[in-house]
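Chemist: Provided herewith: start-v8.pdb, PDB, C-alpha atoms.
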ATOM      1  CA  MET A  38       0.000   0.000   0.000  1.00  0.00           C
ATOM      2  CA  VAL A  39       1.232   3.474  -0.823  1.00  0.00           C
ATOM      3  CA  LEU A  40       0.275   6.345   1.468  1.00  0.00           C
ATOM      4  CA  CYS A  41       1.163   9.954   0.716  1.00  0.00           C
ATOM      5  CA  VAL A  42       1.791  11.604   4.086  1.00  0.00           C
ATOM      6  CA  ASP A  43       2.218  15.231   5.085  1.00  0.00           C
ATOM      7  CA  GLU A  44       0.920  17.942   7.357  1.00  0.00           C
ATOM      8  CA  LYS A  45      -0.817  21.214   6.599  1.00  0.00           C
ATOM      9  CA  SER A  46       0.259  23.503   9.398  1.00  0.00           C
ATOM     10  CA  GLN A  47      -0.835  26.936  10.561  1.00  0.00           C
ATOM     11  CA  ILE A  48      -4.474  26.561   9.487  1.00  0.00           C
ATOM     12  CA  GLN A  49      -6.016  29.656  11.019  1.00  0.00           C
ATOM     13  CA  ALA A  50      -9.360  29.862  12.800  1.00  0.00           C
ATOM     14  CA  LEU A  51     -10.469  33.240  11.448  1.00  0.00           C
ATOM     15  CA  ASP A  52     -13.648  35.041  12.401  1.00  0.00           C
ATOM     16  CA  ARG A  53     -14.692  38.161  10.464  1.00  0.00           C
ATOM     17  CA  THR A  54     -15.267  41.366  12.424  1.00  0.00           C
ATOM     18  CA  VAL A  55     -18.319  42.090  10.255  1.00  0.00           C
ATOM     19  CA  PRO A  56     -20.664  39.420   8.843  1.00  0.00           C
ATOM     20  CA  ILE A  57     -20.100  38.419   5.220  1.00  0.00           C
ATOM     21  CA  LEU A  58     -22.597  40.087   2.893  1.00  0.00           C
ATOM     22  CA  PRO A  59     -24.069  37.540   0.463  1.00  0.00           C
ATOM     23  CA  MET A  60     -24.190  37.828  -3.299  1.00  0.00           C
ATOM     24  CA  GLN A  61     -26.983  39.906  -4.727  1.00  0.00           C
ATOM     25  CA  GLU A  62     -28.055  40.501  -8.259  1.00  0.00           C
ATOM     26  CA  GLY A  63     -25.207  42.397  -9.900  1.00  0.00           C
ATOM     27  CA  ARG A  64     -23.005  42.267  -6.755  1.00  0.00           C
ATOM     28  CA  ILE A  65     -20.377  39.805  -5.616  1.00  0.00           C
ATOM     29  CA  GLU A  66     -20.130  38.476  -2.084  1.00  0.00           C
ATOM     30  CA  ARG A  67     -18.523  41.079   0.168  1.00  0.00           C
ATOM     31  CA  ARG A  68     -16.454  40.672   3.287  1.00  0.00           C
ATOM     32  CA  SER A  69     -14.364  42.908   5.501  1.00  0.00           C
ATOM     33  CA  HIS A  70     -10.584  42.669   5.380  1.00  0.00           C
ATOM     34  CA  ASP A  71     -10.138  42.554   9.136  1.00  0.00           C
ATOM     35  CA  TYR A  72     -10.696  39.499  11.275  1.00  0.00           C
ATOM     36  CA  TYR A  73     -10.226  37.939  14.675  1.00  0.00           C
ATOM     37  CA  ARG A  74      -7.615  35.204  14.803  1.00  0.00           C
ATOM     38  CA  HIS A  75      -8.590  32.517  17.311  1.00  0.00           C
ATOM     39  CA  GLY A  76      -5.531  30.292  16.920  1.00  0.00           C
ATOM     40  CA  THR A  77      -4.234  27.634  14.569  1.00  0.00           C
ATOM     41  CA  THR A  78      -4.363  23.902  14.002  1.00  0.00           C
ATOM     42  CA  THR A  79      -2.336  21.379  11.998  1.00  0.00           C
ATOM     43  CA  LEU A  80      -3.877  18.705   9.801  1.00  0.00           C
ATOM     44  CA  PHE A  81      -1.854  15.499   9.446  1.00  0.00           C
ATOM     45  CA  ALA A  82      -3.065  13.343   6.567  1.00  0.00           C
ATOM     46  CA  ALA A  83      -2.216  10.042   4.880  1.00  0.00           C
ATOM     47  CA  LEU A  84      -3.792   9.567   1.444  1.00  0.00           C
ATOM     48  CA  ASP A  85      -4.122   5.990   0.165  1.00  0.00           C
ATOM     49  CA  ILE A  86      -3.329   6.500  -3.520  1.00  0.00           C
ATOM     50  CA  ALA A  87      -5.255   3.396  -4.626  1.00  0.00           C
ATOM     51  CA  THR A  88      -8.588   4.442  -3.086  1.00  0.00           C
ATOM     52  CA  GLY A  89      -8.333   8.126  -2.180  1.00  0.00           C
ATOM     53  CA  HIS A  90      -9.172   7.264   1.453  1.00  0.00           C
ATOM     54  CA  VAL A  91      -7.646   9.701   3.942  1.00  0.00           C
ATOM     55  CA  THR A  92      -6.512   9.025   7.488  1.00  0.00           C
ATOM     56  CA  GLY A  93      -6.334  12.360   9.256  1.00  0.00           C
ATOM     57  CA  ALA A  94      -5.473  13.849  12.620  1.00  0.00           C
ATOM     58  CA  LEU A  95      -5.699  17.395  13.933  1.00  0.00           C
ATOM     59  CA  LYS A  96      -3.031  18.550  16.358  1.00  0.00           C
ATOM     60  CA  PRO A  97      -2.194  21.906  17.911  1.00  0.00           C
ATOM     61  CA  ARG A  98       1.433  21.753  16.722  1.00  0.00           C
ATOM     62  CA  HIS A  99       3.544  19.972  14.105  1.00  0.00           C
ATOM     63  CA  ARG A 100       6.633  18.754  15.905  1.00  0.00           C
ATOM     64  CA  HIS A 101       8.145  15.275  15.720  1.00  0.00           C
ATOM     65  CA  GLN A 102       6.054  14.198  18.737  1.00  0.00           C
ATOM     66  CA  GLU A 103       2.807  14.884  16.883  1.00  0.00           C
ATOM     67  CA  PHE A 104       4.151  13.268  13.721  1.00  0.00           C
ATOM     68  CA  LEU A 105       5.143  10.147  15.648  1.00  0.00           C
ATOM     69  CA  ALA A 106       1.666   9.982  17.218  1.00  0.00           C
ATOM     70  CA  PHE A 107       0.223  10.214  13.698  1.00  0.00           C
ATOM     71  CA  LEU A 108       2.436   7.362  12.465  1.00  0.00           C
ATOM     72  CA  LYS A 109       1.085   5.247  15.322  1.00  0.00           C
ATOM     73  CA  GLN A 110      -2.458   6.190  14.268  1.00  0.00           C
ATOM     74  CA  ILE A 111      -1.654   5.041  10.719  1.00  0.00           C
ATOM     75  CA  GLU A 112      -0.291   1.776  12.115  1.00  0.00           C
ATOM     76  CA  ARG A 113      -3.558   1.187  14.005  1.00  0.00           C
ATOM     77  CA  ALA A 114      -5.684   2.133  10.983  1.00  0.00           C
ATOM     78  CA  TYR A 115      -3.870  -0.301   8.662  1.00  0.00           C
ATOM     79  CA  ARG A 116      -3.056  -3.017  11.216  1.00  0.00           C
ATOM     80  CA  HIS A 117      -5.399  -5.569   9.668  1.00  0.00           C
ATOM     81  CA  HIS A 118      -4.464  -5.034   6.014  1.00  0.00           C
ATOM     82  CA  ALA A 119      -2.844  -8.187   4.724  1.00  0.00           C
ATOM     83  CA  ASP A 120      -2.151  -9.976   1.456  1.00  0.00           C
ATOM     84  CA  PRO A 121      -4.196 -13.068   0.459  1.00  0.00           C
ATOM     85  CA  ASP A 122      -1.863 -15.287   2.513  1.00  0.00           C
ATOM     86  CA  GLY A 123      -2.516 -13.240   5.663  1.00  0.00           C
ATOM     87  CA  VAL A 124       0.885 -11.545   5.687  1.00  0.00           C
ATOM     88  CA  PRO A 125       0.625  -7.862   6.710  1.00  0.00           C
ATOM     89  CA  VAL A 126       1.291  -5.612   3.720  1.00  0.00           C
ATOM     90  CA  HIS A 127       4.090  -3.084   3.723  1.00  0.00           C
ATOM     91  CA  LEU A 128       3.034   0.534   4.025  1.00  0.00           C
ATOM     92  CA  HIS A 129       5.079   2.701   1.673  1.00  0.00           C
ATOM     93  CA  LEU A 130       5.032   6.277   2.964  1.00  0.00           C
ATOM     94  CA  VAL A 131       5.733   9.072   0.479  1.00  0.00           C
ATOM     95  CA  MET A 132       6.691  12.243   2.337  1.00  0.00           C
ATOM     96  CA  ASP A 133       8.887  15.309   2.195  1.00  0.00           C
ATOM     97  CA  ASN A 134      12.180  15.963   3.966  1.00  0.00           C
ATOM     98  CA  TYR A 135      10.708  18.008   6.835  1.00  0.00           C
ATOM     99  CA  ALA A 136      12.904  17.762   9.943  1.00  0.00           C
ATOM    100  CA  ALA A 137      10.139  16.171  12.050  1.00  0.00           C
ATOM    101  CA  HIS A 138       9.949  13.308   9.543  1.00  0.00           C
ATOM    102  CA  LYS A 139      13.641  12.544  10.072  1.00  0.00           C
ATOM    103  CA  HIS A 140      13.894  13.105  13.836  1.00  0.00           C
ATOM    104  CA  ALA A 141      15.848  10.454  15.765  1.00  0.00           C
ATOM    105  CA  ASN A 142      12.724   9.308  17.666  1.00  0.00           C
ATOM    106  CA  VAL A 143      10.800   8.914  14.412  1.00  0.00           C
ATOM    107  CA  ARG A 144      13.676   7.011  12.792  1.00  0.00           C
ATOM    108  CA  ALA A 145      13.937   4.735  15.856  1.00  0.00           C
ATOM    109  CA  TRP A 146      10.188   3.985  15.727  1.00  0.00           C
ATOM    110  CA  LEU A 147      10.377   3.253  11.994  1.00  0.00           C
ATOM    111  CA  GLU A 148      13.281   0.845  12.583  1.00  0.00           C
ATOM    112  CA  LYS A 149      11.136  -1.035  15.128  1.00  0.00           C
ATOM    113  CA  ASN A 150       8.270  -1.127  12.619  1.00  0.00           C
ATOM    114  CA  PRO A 151       9.806  -2.546   9.417  1.00  0.00           C
ATOM    115  CA  ARG A 152       6.356  -2.748   7.836  1.00  0.00           C
ATOM    116  CA  PHE A 153       6.770   0.989   7.128  1.00  0.00           C
ATOM    117  CA  VAL A 154       8.963   1.838   4.140  1.00  0.00           C
ATOM    118  CA  VAL A 155       9.704   5.547   3.735  1.00  0.00           C
ATOM    119  CA  HIS A 156      10.255   7.272   0.406  1.00  0.00           C
ATOM    120  CA  PHE A 157      11.285  10.930   0.615  1.00  0.00           C
ATOM    121  CA  THR A 158      10.357  13.297  -2.202  1.00  0.00           C
ATOM    122  CA  PRO A 159      13.129  15.528  -3.561  1.00  0.00           C
ATOM    123  CA  THR A 160      13.567  18.928  -1.941  1.00  0.00           C
ATOM    124  CA  HIS A 161      11.246  21.576  -3.425  1.00  0.00           C
ATOM    125  CA  ALA A 162       9.039  18.924  -5.046  1.00  0.00           C
ATOM    126  CA  SER A 163       5.920  18.995  -2.877  1.00  0.00           C
ATOM    127  CA  TRP A 164       3.824  18.696  -6.056  1.00  0.00           C
ATOM    128  CA  MET A 165       4.998  15.063  -6.266  1.00  0.00           C
ATOM    129  CA  ASN A 166       3.108  14.183  -3.080  1.00  0.00           C
ATOM    130  CA  LEU A 167      -0.569  13.550  -3.902  1.00  0.00           C
ATOM    131  CA  VAL A 168      -1.737  14.431  -0.397  1.00  0.00           C
ATOM    132  CA  GLU A 169      -1.053  18.047  -1.419  1.00  0.00           C
ATOM    133  CA  VAL A 170      -3.951  17.720  -3.891  1.00  0.00           C
ATOM    134  CA  PHE A 171      -6.190  16.707  -0.987  1.00  0.00           C
ATOM    135  CA  PHE A 172      -4.954  19.668   1.073  1.00  0.00           C
ATOM    136  CA  GLY A 173      -5.909  21.970  -1.807  1.00  0.00           C
ATOM    137  CA  ILE A 174      -9.403  20.498  -1.865  1.00  0.00           C
ATOM    138  CA  VAL A 175      -9.784  20.904   1.906  1.00  0.00           C
ATOM    139  CA  GLU A 176      -8.570  24.505   1.647  1.00  0.00           C
ATOM    140  CA  ARG A 177     -10.993  25.406  -1.156  1.00  0.00           C
ATOM    141  CA  GLN A 178     -14.049  23.510   0.066  1.00  0.00           C
ATOM    142  CA  ALA A 179     -13.845  23.681   3.867  1.00  0.00           C
ATOM    143  CA  ILE A 180     -11.474  26.382   5.082  1.00  0.00           C
ATOM    144  CA  ARG A 181     -10.986  29.360   2.748  1.00  0.00           C
ATOM    145  CA  ARG A 182     -14.392  31.007   2.994  1.00  0.00           C
ATOM    146  CA  GLY A 183     -15.220  29.692   6.447  1.00  0.00           C
ATOM    147  CA  VAL A 184     -15.862  31.698   9.590  1.00  0.00           C
ATOM    148  CA  PHE A 185     -14.557  29.988  12.712  1.00  0.00           C
ATOM    149  CA  LYS A 186     -15.254  31.171  16.265  1.00  0.00           C
ATOM    150  CA  SER A 187     -12.555  28.900  17.732  1.00  0.00           C
ATOM    151  CA  VAL A 188      -9.950  26.269  16.893  1.00  0.00           C
ATOM    152  CA  LYS A 189     -12.437  23.676  18.145  1.00  0.00           C
ATOM    153  CA  ASP A 190     -14.944  24.957  15.565  1.00  0.00           C
ATOM    154  CA  LEU A 191     -12.281  24.821  12.812  1.00  0.00           C
ATOM    155  CA  ASN A 192     -11.255  21.280  13.788  1.00  0.00           C
ATOM    156  CA  ALA A 193     -14.893  20.135  13.752  1.00  0.00           C
ATOM    157  CA  LYS A 194     -15.344  21.529  10.227  1.00  0.00           C
ATOM    158  CA  ILE A 195     -12.196  19.774   8.970  1.00  0.00           C
ATOM    159  CA  ARG A 196     -13.172  16.468  10.638  1.00  0.00           C
ATOM    160  CA  ALA A 197     -16.646  16.679   9.082  1.00  0.00           C
ATOM    161  CA  PHE A 198     -15.067  17.357   5.685  1.00  0.00           C
ATOM    162  CA  ILE A 199     -12.791  14.298   5.974  1.00  0.00           C
ATOM    163  CA  ASP A 200     -15.719  12.103   7.088  1.00  0.00           C
ATOM    164  CA  GLY A 201     -17.737  13.328   4.101  1.00  0.00           C
ATOM    165  CA  TRP A 202     -14.744  12.809   1.824  1.00  0.00           C
ATOM    166  CA  HIS A 203     -14.830   9.061   2.478  1.00  0.00           C
ATOM    167  CA  ASP A 204     -18.238   8.823   0.755  1.00  0.00           C
ATOM    168  CA  ARG A 205     -16.755  10.276  -2.432  1.00  0.00           C
ATOM    169  CA  ALA A 206     -13.096   9.246  -2.147  1.00  0.00           C
ATOM    170  CA  HIS A 207     -11.392   8.354  -5.395  1.00  0.00           C
ATOM    171  CA  PRO A 208      -7.837   7.897  -6.584  1.00  0.00           C
ATOM    172  CA  PHE A 209      -6.247  11.028  -7.982  1.00  0.00           C
ATOM    173  CA  VAL A 210      -4.777  10.966 -11.459  1.00  0.00           C
ATOM    174  CA  TRP A 211      -1.337  12.495 -11.098  1.00  0.00           C
ATOM    175  CA  THR A 212      -0.263  14.783 -13.907  1.00  0.00           C
ATOM    176  CA  LYS A 213       2.435  17.382 -14.255  1.00  0.00           C
TER     177      LYS A 213
END
Before anything else, please render the file you have as structure tokens.

Modeler:
Amino acid sequence: MVLCVDEKSQIQALDRTVPILPMQEGRIERRSHDYYRHGTTTLFAALDIATGHVTGALKPRHRHQEFLAFLKQIERAYRHHADPDGVPVHLHLVMDNYAAHKHANVRAWLEKNPRFVVHFTPTHASWMNLVEVFFGIVERQAIRRGVFKSVKDLNAKIRAFIDGWHDRAHPFVWTK
């Protein structure tokens, strides 16, 4: 199985100071330029390239500790995936060279879990990681035009989006 893994950090819970004015005949939607910033969250995601299914986690930060916790979540989510002979399948993780992905604690955990095979994308080649396509969809459809009163509200919206995504998940066709 191939999983594209990454994190989208610094997702802001923004609340407008003035309500958004809806579209009217001959007028576009209008919004104020100022906002209240209620904090940030980080979305960790693993995209199964064969199905489009996403395993996600929302964390307040994006250090190696959170990344390691996410790897353990992936391990639990795919624990029962096996080949026809009952042998657990290898999980090939495609990810970038972010320092948290290469931290000594992460490397030590990966060594103890040989089922995980890591493939790092070249530097400055985030477009090669298909989970970035999913992040773009989340940004456009759930975050960009949203109004969030708190980080909890933002996290709930992202979780609901991921849950809804599973009903329409599909493999992405990678093109350059």

Chemist: Which residues, named as in the file, does the PyMOL selection byres ((chain A and resi 171) around 10) pick out? Answer as a ChimeraX atom specification.

Modeler: /A:82-84,89,91,166-170,172-177,199,202,209

Chemist: So, counting all atoms listed in the file, which residue among A:Gly183, A:Gly93, A:Pro159, A:Pro56 is closest to Gln110 in chain A?

Modeler: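 Under the stated criterion, the closest residue is A:Gly93.
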
Chemist: So which one's closest to His127 in chain A, A:Leu108, A:Val184, A:Ala193, A:Leu40? Using all atoms listed in the file, please.

Modeler: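 Residue with the minimum atom-to-atom distance to His127 in chain A: A:Leu40.
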
Chemist: Evaluate the PyMOL selection byres ((chain A and resi 157) around 7) and record the selected residues as a list in words, following the chain and residue labels used in the document.

Modeler: Val131, Met132, Asp133, Asn134, Val155, His156, Thr158 and Pro159 of chain A

Chemist: Selection from above, C-alpha atoms, as a PDB file, in the coordinates of the input, can you write it?

Modeler:
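Result file is result_14.pdb:
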ATOM      1  CA  VAL A 131       5.733   9.072   0.479  1.00  0.00           C
ATOM      2  CA  MET A 132       6.691  12.243   2.337  1.00  0.00           C
ATOM      3  CA  ASP A 133       8.887  15.309   2.195  1.00  0.00           C
ATOM      4  CA  ASN A 134      12.180  15.963   3.966  1.00  0.00           C
ATOM      5  CA  VAL A 155       9.704   5.547   3.735  1.00  0.00           C
ATOM      6  CA  HIS A 156      10.255   7.272   0.406  1.00  0.00           C
ATOM      7  CA  THR A 158      10.357  13.297  -2.202  1.00  0.00           C
ATOM      8  CA  PRO A 159      13.129  15.528  -3.561  1.00  0.00           C
TER       9      PRO A 159
END

Chemist: Rank A:Tyr72, A:Phe81, A:Tyr115, A:Phe107 by their smallest atom-to-atom distance to Gln47 in chain A, using all atoms listed in the file, and report the top residue only.

Modeler: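 Smallest distance to Gln47 in chain A is found for A:Phe81.
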
Chemist: Could you write out as a list in words the residues that the PyMOL selection byres ((chain A and resi 74) around 6) matches in the shown file?

Modeler: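 Those residues are Ala50, Leu51, Tyr73, His75 and Gly76 of chain A.
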
Chemist: For CA of Asp204 in chain A and CA of His90 in chain A, quote the distance in Å rounded to one decimal.

Modeler: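 Answer for the CA of Asp204 in chain A to CA of His90 in chain A separation: 9.2 Å.
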
Chemist: What is the CA of His101 in chain A to CA of Thr79 in chain A distance in Å?

Modeler: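 Answer for the CA of His101 in chain A to CA of Thr79 in chain A separation: 12.7 Å.
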
Chemist: One decimal, Å: what's the distance from CA of Pro97 in chain A over to CA of Gln49 in chain A, could you say?

Modeler: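 CA of Gln49 in chain A lies 11.1 Å from CA of Pro97 in chain A.
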
Chemist: With only C-alpha atoms as the atoms that count, which of A:Gln102, A:Thr77, A:Asn192, A:Ser69 lies nearest to Trp146 in chain A?

Modeler: A:Gln102

Chemist: Measuring between all atoms listed in the file, which one of A:Gln61, A:Ser46, A:Gln178, A:Asn150 shows the shortest distance to His99 in chain A?

Modeler: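 Among the listed residues, A:Ser46 lies closest to His99 in chain A.
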
Chemist: Please identify all polymer residues within 12 Å of Asp71 in chain A, counting all atoms listed in the file, omitting same-chain residues fewer than 4 positions from it, and present them as an MDAnalysis selection string.

Modeler: chainID A and resid 51:57

Chemist: For a cut-off of 10 Å around (2.4, 0.9, 9.3), file coordinates, pick out all residues using all atoms listed in the file and list them as a JSON list (two decimals) with C-alpha atoms, in the coordinates of the input.

Modeler:
[["chain", "number", "residue", "atom", "x", "y", "z"],
["A", 38, "MET", "CA", 0.00, 0.00, 0.00],
["A", 40, "LEU", "CA", 0.28, 6.34, 1.47],
["A", 108, "LEU", "CA", 2.44, 7.36, 12.46],
["A", 109, "LYS", "CA", 1.08, 5.25, 15.32],
["A", 110, "GLN", "CA", -2.46, 6.19, 14.27],
["A", 111, "ILE", "CA", -1.65, 5.04, 10.72],
["A", 112, "GLU", "CA", -0.29, 1.78, 12.12],
["A", 113, "ARG", "CA", -3.56, 1.19, 14.00],
["A", 114, "ALA", "CA", -5.68, 2.13, 10.98],
["A", 115, "TYR", "CA", -3.87, -0.30, 8.66],
["A", 116, "ARG", "CA", -3.06, -3.02, 11.22],
["A", 118, "HIS", "CA", -4.46, -5.03, 6.01],
["A", 125, "PRO", "CA", 0.62, -7.86, 6.71],
["A", 126, "VAL", "CA", 1.29, -5.61, 3.72],
["A", 127, "HIS", "CA", 4.09, -3.08, 3.72],
["A", 128, "LEU", "CA", 3.03, 0.53, 4.03],
["A", 129, "HIS", "CA", 5.08, 2.70, 1.67],
["A", 130, "LEU", "CA", 5.03, 6.28, 2.96],
["A", 147, "LEU", "CA", 10.38, 3.25, 11.99],
["A", 150, "ASN", "CA", 8.27, -1.13, 12.62],
["A", 151, "PRO", "CA", 9.81, -2.55, 9.42],
["A", 152, "ARG", "CA", 6.36, -2.75, 7.84],
["A", 153, "PHE", "CA", 6.77, 0.99, 7.13],
["A", 154, "VAL", "CA", 8.96, 1.84, 4.14]]

Chemist: Return the single residue from A:Phe185, A:Phe104, A:Trp211, A:Phe198 that is closest to Arg144 in chain A, with distances computed using all atoms listed in the file.

Modeler: A:Phe104
